[in-house]
file run05.json (JSON, C-alpha atoms)
[["chain", "number", "residue", "atom", "x", "y", "z"],
["H", 1, "MET", "CA", 41.17, 15.36, 5.28],
["H", 2, "ILE", "CA", 37.57, 14.48, 4.40],
["H", 3, "TYR", "CA", 37.43, 11.09, 6.15],
["H", 4, "PRO", "CA", 36.22, 12.41, 9.54],
["H", 5, "LEU", "CA", 33.33, 14.12, 7.76],
["H", 6, "PHE", "CA", 32.22, 10.79, 6.26],
["H", 7, "GLN", "CA", 32.64, 9.10, 9.62],
["H", 8, "ALA", "CA", 30.43, 11.70, 11.30],
["H", 9, "ALA", "CA", 27.79, 11.24, 8.60],
["H", 10, "ALA", "CA", 27.89, 7.46, 9.09],
["H", 11, "GLU", "CA", 27.44, 7.82, 12.85],
["H", 12, "TYR", "CA", 24.53, 10.19, 12.28],
["H", 13, "SER", "CA", 22.89, 7.66, 9.97],
["H", 14, "LYS", "CA", 23.33, 4.82, 12.48],
["H", 15, "ASN", "CA", 21.76, 6.88, 15.25],
["H", 16, "TYR", "CA", 18.65, 7.61, 13.22],
["H", 17, "LEU", "CA", 18.28, 4.28, 11.41],
["H", 18, "GLY", "CA", 15.23, 3.28, 13.47],
["H", 19, "ALA", "CA", 13.60, 6.65, 12.85],
["H", 20, "TRP", "CA", 14.06, 6.30, 9.09],
["H", 21, "ALA", "CA", 12.62, 2.78, 9.23],
["H", 22, "THR", "CA", 9.58, 3.98, 11.16],
["H", 23, "MET", "CA", 9.00, 6.83, 8.74],
["H", 24, "GLY", "CA", 9.41, 4.51, 5.75],
["H", 25, "ALA", "CA", 6.97, 2.02, 7.25],
["H", 26, "GLY", "CA", 4.40, 4.76, 7.79],
["H", 27, "ILE", "CA", 4.78, 6.05, 4.26],
["H", 28, "GLY", "CA", 4.59, 2.52, 2.87],
["H", 29, "ALA", "CA", 1.43, 1.73, 4.81],
["H", 30, "GLY", "CA", -0.13, 5.01, 3.70],
["H", 31, "LEU", "CA", 0.66, 4.39, 0.03],
["H", 32, "ALA", "CA", -0.77, 0.86, 0.29],
["H", 33, "VAL", "CA", -4.03, 2.20, 1.71],
["H", 34, "ILE", "CA", -4.24, 4.95, -0.92],
["H", 35, "GLY", "CA", -3.62, 2.43, -3.69],
["H", 36, "ALA", "CA", -6.26, 0.07, -2.34],
["H", 37, "GLY", "CA", -8.77, 2.91, -2.08],
["H", 38, "ILE", "CA", -8.18, 3.95, -5.67],
["H", 39, "GLY", "CA", -8.38, 0.34, -6.85],
["H", 40, "VAL", "CA", -11.61, -0.48, -5.05],
["H", 41, "GLY", "CA", -13.13, 2.82, -6.17],
["H", 42, "ARG", "CA", -12.33, 2.09, -9.79],
["H", 43, "ILE", "CA", -13.67, -1.46, -9.50],
["H", 44, "GLY", "CA", -16.92, -0.20, -7.97],
["H", 45, "GLY", "CA", -17.35, 2.55, -10.53],
["H", 46, "GLN", "CA", -16.72, 0.30, -13.49],
["H", 47, "ALA", "CA", -19.02, -2.37, -12.05],
["H", 48, "VAL", "CA", -21.87, 0.12, -11.68],
["H", 49, "GLU", "CA", -21.26, 1.37, -15.21],
["H", 50, "GLY", "CA", -21.29, -2.19, -16.54],
["H", 51, "MET", "CA", -24.53, -2.94, -14.71],
["H", 52, "ALA", "CA", -26.10, 0.19, -16.14],
["H", 53, "ARG", "CA", -25.14, -0.85, -19.66],
["H", 54, "GLN", "CA", -26.26, -4.47, -19.29],
["H", 55, "PRO", "CA", -28.75, -4.90, -16.45],
["H", 56, "GLU", "CA", -29.25, -8.60, -17.24],
["H", 57, "MET", "CA", -25.59, -9.28, -16.34],
["H", 58, "ALA", "CA", -25.73, -7.41, -13.02],
["H", 59, "GLY", "CA", -25.36, -10.53, -10.88],
["H", 60, "ARG", "CA", -22.25, -11.77, -12.67],
["H", 61, "ILE", "CA", -20.67, -8.32, -12.73],
["H", 62, "GLN", "CA", -21.34, -7.84, -9.02],
["H", 63, "THR", "CA", -19.79, -11.21, -8.17],
["H", 64, "ALA", "CA", -16.69, -10.48, -10.23],
["H", 65, "ALA", "CA", -16.36, -7.00, -8.71],
["H", 66, "ILE", "CA", -16.49, -8.43, -5.17],
["H", 67, "VAL", "CA", -13.79, -10.98, -6.03],
["H", 68, "PHE", "CA", -11.54, -8.33, -7.58],
["H", 69, "ALA", "CA", -12.08, -5.96, -4.66],
["H", 70, "ALA", "CA", -11.10, -8.74, -2.25],
["H", 71, "LEU", "CA", -7.91, -9.37, -4.24],
["H", 72, "VAL", "CA", -7.01, -5.67, -4.14],
["H", 73, "GLU", "CA", -7.64, -5.51, -0.40],
["H", 74, "GLY", "CA", -5.57, -8.63, 0.13],
["H", 75, "ALA", "CA", -2.62, -7.12, -1.73],
["H", 76, "ALA", "CA", -2.93, -3.91, 0.31],
["H", 77, "LEU", "CA", -3.08, -5.85, 3.57],
["H", 78, "PHE", "CA", 0.04, -7.78, 2.54],
["H", 79, "ALA", "CA", 1.85, -4.50, 1.81],
["H", 80, "ILE", "CA", 0.86, -3.04, 5.17],
["H", 81, "VAL", "CA", 1.99, -6.16, 7.05],
["H", 82, "ILE", "CA", 5.36, -6.14, 5.28],
["H", 83, "SER", "CA", 5.71, -2.43, 6.06],
["H", 84, "PHE", "CA", 5.16, -3.01, 9.76],
["H", 85, "LEU", "CA", 7.48, -6.01, 9.79],
["H", 86, "ILE", "CA", 10.21, -3.79, 8.41],
["H", 87, "GLN", "CA", 9.45, -1.22, 11.10],
["H", 88, "ASN", "CA", 9.78, -3.82, 13.86],
["H", 89, "LYS", "CA", 13.27, -4.79, 12.68],
["H", 90, "PHE", "CA", 14.68, -1.60, 14.19]]
call {"tool": "encode", "arguments": {"input": "run05.json", "output": "structure tokens"}}
result
Amino acid sequence: MIYPLFQAAAEYSKNYLGAWATMGAGIGAGLAVIGAGIGVGRIGGQAVEGMARQPEMAGRIQTAAIVFAALVEGAALFAIVISFLIQNKF
């Protein structure tokens, strides 16, 4: 009979549900930070390249880059908050 084996696996999963949630929240927060770092780095690099190509547009490019960087950081902060809210459920 295989049923007791499934029951034991289900009990094991219930015992470690909070641990899996904590690990998932940590991984989610880490991925959000990595994604934001890559995004802001690309925005900064492309902005500098655009300013080098057209120095007369440097002010407009810089303003747009700051706005886009703020949007990327806002999305990353939202992801981190959601990750920690999931962690606190368990």
call {"tool": "closest_residue", "arguments": {"input": "run05.json", "among": "H:Gly28, H:Met23, H:Gly18, H:Gly45", "to": "Phe78 in chain H", "atoms": "only C-alpha atoms"}}
result
H:Gly28
call {"tool": "atom_distance", "arguments": {"input": "run05.json", "atom1": "CA of Glu49 in chain H", "atom2": "CA of Gly37 in chain H"}}
result
18.2 Å
call {"tool": "closest_residue", "arguments": {"input": "run05.json", "among": "H:Asn88, H:Ser83, H:Trp20, H:Arg60", "to": "Val33 in chain H", "atoms": "all atoms listed in the file"}}
result
H:Ser83
call {"tool": "closest_residue", "arguments": {"input": "run05.json", "among": "H:Ile34, H:Ala79, H:Ala25, H:Ala64", "to": "Ala47 in chain H", "atoms": "all atoms listed in the file"}}
result
H:Ala64
call {"tool": "closest_residue", "arguments": {"input": "run05.json", "among": "H:Ala29, H:Leu85, H:Val48, H:Ala76", "to": "Ile61 in chain H", "atoms": "only C-alpha atoms"}}
result
H:Val48
call {"tool": "closest_residue", "arguments": {"input": "run05.json", "among": "H:Leu17, H:Phe68, H:Val81, H:Gly74", "to": "Gly41 in chain H", "atoms": "all atoms listed in the file"}}
result
H:Phe68
call {"tool": "closest_residue", "arguments": {"input": "run05.json", "among": "H:Ile43, H:Ala52, H:Ile66, H:Ala32", "to": "Ile80 in chain H", "atoms": "all atoms listed in the file"}}
result
H:Ala32
call {"tool": "atom_distance", "arguments": {"input": "run05.json", "atom1": "CA of Leu31 in chain H", "atom2": "CA of Leu71 in chain H"}}
result
16.8 Å
call {"tool": "atom_distance", "arguments": {"input": "run05.json", "atom1": "CA of Val67 in chain H", "atom2": "CA of Ile27 in chain H"}}
result
27.2 Å
call {"tool": "axis_aligned_box", "arguments": {"input": "run05.json", "around": "range 30-36 of chain H", "padding_each_side": "6 Å", "output": "JSON"}}
result
{"center_x": -2.8, "center_y": 2.5, "center_z": 0.0, "size_x": 18.9, "size_y": 16.9, "size_z": 19.4}
call {"tool": "build_atoms", "arguments": {"input": "run05.json", "residues": "range 17-41 of chain H", "atoms": "N, CA and C atoms", "output": "compact mmCIF listing (two decimals), in the frame of the given file"}}
result
# COMPACT_ATOMS: atom_id res chain seq x y z
N LEU H 17 18.72 5.36 12.29
CA LEU H 17 18.28 4.28 11.41
C LEU H 17 16.86 3.82 11.76
N GLY H 18 16.57 3.68 13.05
CA GLY H 18 15.23 3.28 13.47
C GLY H 18 14.18 4.31 13.11
N ALA H 19 14.55 5.59 13.20
CA ALA H 19 13.60 6.65 12.85
C ALA H 19 13.27 6.62 11.37
N TRP H 20 14.30 6.39 10.54
CA TRP H 20 14.06 6.30 9.09
C TRP H 20 13.20 5.08 8.77
N ALA H 21 13.43 3.98 9.47
CA ALA H 21 12.62 2.78 9.23
C ALA H 21 11.17 3.02 9.61
N THR H 22 10.94 3.69 10.72
CA THR H 22 9.58 3.98 11.16
C THR H 22 8.88 4.91 10.17
N MET H 23 9.60 5.92 9.71
CA MET H 23 9.00 6.83 8.74
C MET H 23 8.71 6.11 7.42
N GLY H 24 9.64 5.27 6.98
CA GLY H 24 9.41 4.51 5.75
C GLY H 24 8.24 3.56 5.87
N ALA H 25 8.10 2.93 7.04
CA ALA H 25 6.97 2.02 7.25
C ALA H 25 5.65 2.78 7.22
N GLY H 26 5.61 3.95 7.82
CA GLY H 26 4.40 4.76 7.79
C GLY H 26 4.03 5.21 6.39
N ILE H 27 5.04 5.63 5.64
CA ILE H 27 4.78 6.05 4.26
C ILE H 27 4.33 4.87 3.42
N GLY H 28 4.98 3.71 3.62
CA GLY H 28 4.59 2.52 2.87
C GLY H 28 3.17 2.08 3.16
N ALA H 29 2.80 2.10 4.44
CA ALA H 29 1.43 1.73 4.81
C ALA H 29 0.43 2.72 4.22
N GLY H 30 0.77 4.00 4.26
CA GLY H 30 -0.13 5.01 3.70
C GLY H 30 -0.32 4.85 2.20
N LEU H 31 0.77 4.59 1.48
CA LEU H 31 0.66 4.39 0.03
C LEU H 31 -0.14 3.13 -0.29
N ALA H 32 0.01 2.09 0.52
CA ALA H 32 -0.77 0.86 0.29
C ALA H 32 -2.26 1.13 0.46
N VAL H 33 -2.62 1.89 1.47
CA VAL H 33 -4.03 2.20 1.71
C VAL H 33 -4.58 3.09 0.60
N ILE H 34 -3.80 4.07 0.17
CA ILE H 34 -4.24 4.95 -0.92
C ILE H 34 -4.44 4.15 -2.20
N GLY H 35 -3.50 3.26 -2.50
CA GLY H 35 -3.62 2.43 -3.69
C GLY H 35 -4.83 1.52 -3.64
N ALA H 36 -5.09 0.94 -2.48
CA ALA H 36 -6.26 0.07 -2.34
C ALA H 36 -7.55 0.87 -2.50
N GLY H 37 -7.58 2.07 -1.94
CA GLY H 37 -8.77 2.91 -2.08
C GLY H 37 -9.05 3.27 -3.52
N ILE H 38 -8.01 3.63 -4.25
CA ILE H 38 -8.18 3.95 -5.67
C ILE H 38 -8.64 2.72 -6.44
N GLY H 39 -8.02 1.57 -6.14
CA GLY H 39 -8.38 0.34 -6.85
C GLY H 39 -9.81 -0.08 -6.60
N VAL H 40 -10.24 -0.08 -5.36
CA VAL H 40 -11.61 -0.48 -5.05
C VAL H 40 -12.60 0.53 -5.61
N GLY H 41 -12.25 1.80 -5.59
CA GLY H 41 -13.13 2.82 -6.17
C GLY H 41 -13.31 2.62 -7.67
